[in-house]
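Accompanying notes for the structure given below.
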Amino acid sequence: MPLVPMRQILDEAAKGGYGVGAFNVNNMEQIQAIMEAASETKSPVIIQASRGALKYSKMVYLKKLMEAACEENPGIPVSMHLDHGNSVETCKQAIELGFTSVMIDGSLAEDGKTPNTYEQNVAITKEVVELAHPLGVTVEGELGVLGGIEDGHGAGLSVEEANAHLTDPAQAEDFVAKTGLDALAVAIGTSHGAYKSGRKDPNTGEVLPPALAMDRIHEIHERMPTCHMVMHGSSSVPKELVDIVNEFGGNMPGTFGIAVEQIQDGIKHGVRKVNVDTDSRLAMTGAIRKVFAESPEAFDPRKYLAPARDAMRDLVYLPRMKAFGQAGHAGDYTPMSLDEMKAVYGK
Ligand code: G3H
Ligand code: 13P
Ligand code: ZN
C-alpha cells in the first residue's frame, strides 16, 4: 500500500471517534517495532521524522525504510509526516522526498527559538498550505508555544513560561479559518522530552505531574467540532520504563509524563493525532542498558537492538495504539492517493 495522506487518517479517526499515535523515528528498529504493533492491532499509523531525524539518517534512508514498512504491510494505512518543519524550504524538501504530510511550526521563527508574531505564524502556515494542498499533501500548524527544546527547536521556555503561551481558543478559530490547515497543534501545558513538570510539592520538594489546560481543548472543540487537534509532548514517561533505565545504570530523577487518561479526554474532544517520541527512547535505552549490564561480554549489536525493538513494541506502541483507539481500524477504509486528495482540496 502506498503512503496515505495524513488528512484521510485524521478524517477517519474523527468519524470513528479515536486518536492516532504519531510516533517519531530515527532508525529501522523503531519503524519495524511500530509496524509490528500496527499489524498485530490492525491500526492505521502516522510515522514522523523531525529535522534532526532526517539529518541523522541522511533523509533517503528513512524514506526507503518507510516505503519498506508499507510494502511489508499492505493492509495498514501509513502516513509519513515531517515533525516541526521550521521553514517553507524544509517543508518543500520533505514533500519532494515523498512525505504525505508536513508540519510547519510557525509559532517560532526559522531559528527555531524566537517566538513569531501571530501574523507571521498565519502568513507562513498559509504559504505552506498553498504549496502542499495542490499536491495532495496534509499540513499541520501550531498555535501557542510548547515548553522544552527538541533538535535545538523550541523557545527554551521553562514549563512556567510555556504556560503563559497556551493556545487561545478564539485565536485558534481565526487561525484555522485564515490558514486552511488540516490539523492544529495546541499548546495546553505539555512539553517535549522526559522532564515535563515544573510543579513541585511545596512541603516535600517532590516533582508533581504536569498540570494541563484541558479546558482549552474542550473549548476549541466546542467552537470548531470538525477541527483535528494535535497533542505534542504526549509521552507518558511511565515509571516502569524510567525504573528500568535507572536500575541498569541510568540517572533520570523526578520525571512525570502525560497520563493516558488525559490523552483519552483530549481524544473525546477532538484530538486526533498524539505525538509520542520520548517513551520509545526510554524503552529502547532501558532494554539496551539491561543487556549491557547483564551480559557485559555481548558485542553483537543484534543482541541489544532486537530486545530494544521488542521493548518499544510491547511497552509503548502496542499499549498506546490500544489506548488511543486506533486499534482495529486499519481496514475501515480504502486509502486515498495524493492525486485523489488533490481533487478533494480542489473542490
Ligand atoms: O518534537 C520532538 C521530537 O521528540 C523530535 O526530537 O528533534 O530530537 O528528533 P528530535
Ligand atoms: P514527547 O517528547 O512527549 O514524546 O513528544 C514528542 C513530540 O511532541 C514530537 O513532536
Ligand atoms: Zn512536538
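Chains: A, B, ... in order of the C-alpha cells. Residues: from 1 per chain. Ligands: from 1, in order shown.
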
*Expected answer as an MDAnalysis selection string: helix (DSSP H, G or I) residues in segment 123-253 of chain A*: chainID A and resid 123:135 159:165 169:179 214:223 239:247

*Given 12 Å and only C-alpha atoms and all ligand atoms, residues near ligand 1 as a ChimeraX atom specification*: /A:22-27,47-57,81-86,103,105,112,146-154,185,190-194,231-235,274-282

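Between Pro301 of chain A and the residues A:Ala327, A:Gly249, A:Ala94, A:Ile288, the shortest atom-to-atom distance, using only C-alpha atoms, involves A:Ile288.
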
_Among segment 158-324 of chain A, which residues does DSSP mark as strand (DSSP E or B) when it is run on the backbone? Keep the chain and numbering as in the structure and answer as a PyMOL selection string._
chain A and resi 183-186+191+195+200+207+228-231+256+271-276

_If I take atom CA of Lys239 of chain A and atom CA of Ile267 of chain A, how far is one from the other in Å, to one decimal?_
23.2 Å

_From the options A:Val245, A:Ala211, A:Cys227, A:Leu65, which residue's atoms come nearest to Met28 of chain A, counting only C-alpha atoms?_
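Distance minimum relative to Met28 of chain A lands on A:Leu65.
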
*So which residues touch Asp243 of chain A within 12 Å, counting only C-alpha atoms, skipping near sequence neighbours fewer than 6 positions away, as a count of residues only?*
15

Quick one: everything within 9 Å of Tyr345 of chain A, counting only C-alpha atoms, minus sequence neighbours fewer than 5 positions away in the same chain. Send it as a PDB file with C-alpha atoms, in the first residue's frame.
```pdb
ATOM      1  CA  HIS A 133      -2.616  21.178  -0.860  1.00  0.00           C
ATOM      2  CA  PRO A 134      -2.274  21.368  -4.679  1.00  0.00           C
ATOM      3  CA  GLY A 136      -2.453  16.471  -2.022  1.00  0.00           C
TER       4      GLY A 136
END
```

*Among the residues A:Lys58, A:His329, A:His228, A:Lys126, the one that comes closest to Asp182 of chain A [using only C-alpha atoms]*: A:His228

_Please list as a PyMOL selection string every residue within 12 Å of Pro319 of chain A, counting only C-alpha atoms and excluding residues in the same chain fewer than 4 positions away._
chain A and resi 21+34+37-38+40-41+43+236+238+260+279-280+311-315+323-327

*His221 of chain A: which residues within 12 Å, counting only C-alpha atoms, same-chain residues fewer than 3 positions away excluded, as an MDAnalysis selection string?*
chainID A and resid 14 169:170 172:173 184 186 214:218 224:230 265:272

Output file for the residues above (C-alpha atoms, as a compact mmCIF listing (two decimals), in the first residue's frame):
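Writing done, so here's selection_38.txt:
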```txt
# COMPACT_ATOMS: atom_id res chain seq x y z
CA ALA A 14 -12.78 11.76 13.65
CA PRO A 169 -9.36 29.25 21.63
CA ALA A 170 -10.78 32.38 19.94
CA ALA A 172 -7.43 29.28 17.15
CA GLU A 173 -10.71 29.76 15.31
CA LEU A 184 -3.92 22.20 14.65
CA VAL A 186 -2.26 23.13 20.51
CA MET A 214 -7.61 20.54 29.09
CA ASP A 215 -10.33 23.21 29.14
CA ARG A 216 -8.59 24.84 26.14
CA ILE A 217 -9.07 21.65 24.13
CA HIS A 218 -12.70 21.40 25.26
CA MET A 224 -14.76 24.01 15.90
CA PRO A 225 -16.15 20.47 16.20
CA THR A 226 -14.55 19.38 12.90
CA CYS A 227 -11.04 20.69 13.64
CA HIS A 228 -8.44 17.93 14.09
CA MET A 229 -6.25 18.79 17.06
CA VAL A 230 -2.74 17.51 17.74
CA ASP A 265 -10.05 13.01 27.43
CA GLY A 266 -8.42 15.04 24.62
CA ILE A 267 -9.43 12.39 22.09
CA LYS A 268 -13.06 12.66 23.28
CA HIS A 269 -12.80 16.37 22.48
CA GLY A 270 -11.25 16.46 19.02
CA VAL A 271 -7.60 15.40 19.46
CA ARG A 272 -6.84 13.08 16.52
```

*asked:* For Arg7 of chain A, find every residue with an atom within 7 Å (counting only C-alpha atoms), except residues of its own chain fewer than 2 positions away, and show them as a list in words.
replied: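 Once the nearby chain positions are removed, what remains is Pro5, Ile9, Leu10, Asp11, Thr138 and Asp182 of chain A.
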
_Which of A:Val291, A:Val122, A:Val102, A:Met336 sits closest to ligand 2 [using only C-alpha atoms and all ligand atoms]_ =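 Comparing A:Val291, A:Val122, A:Val102, A:Met336 against ligand 2, the winner is A:Val102.
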
*asked:* My list of candidates is A:Glu294, A:Glu142, A:Glu222, A:Asp300. Which is closest to ligand 2 when distances are computed with only C-alpha atoms and all ligand atoms?
replied: A:Glu142

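Among the candidate residues A:Gln264, A:Gln30, A:Thr167, A:Leu108, the one lying nearest to Val316 of chain A is A:Gln30, with distances computed using only C-alpha atoms.
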
_Can you measure atom CA of Phe292 of chain A to atom 1 (P, counted along the ligand's line) of ligand 2 for me? One decimal in Å is fine._
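Straight-line distance from atom CA of Phe292 of chain A to atom 1 (P, counted along the ligand's line) of ligand 2 works out to 25.5 Å.
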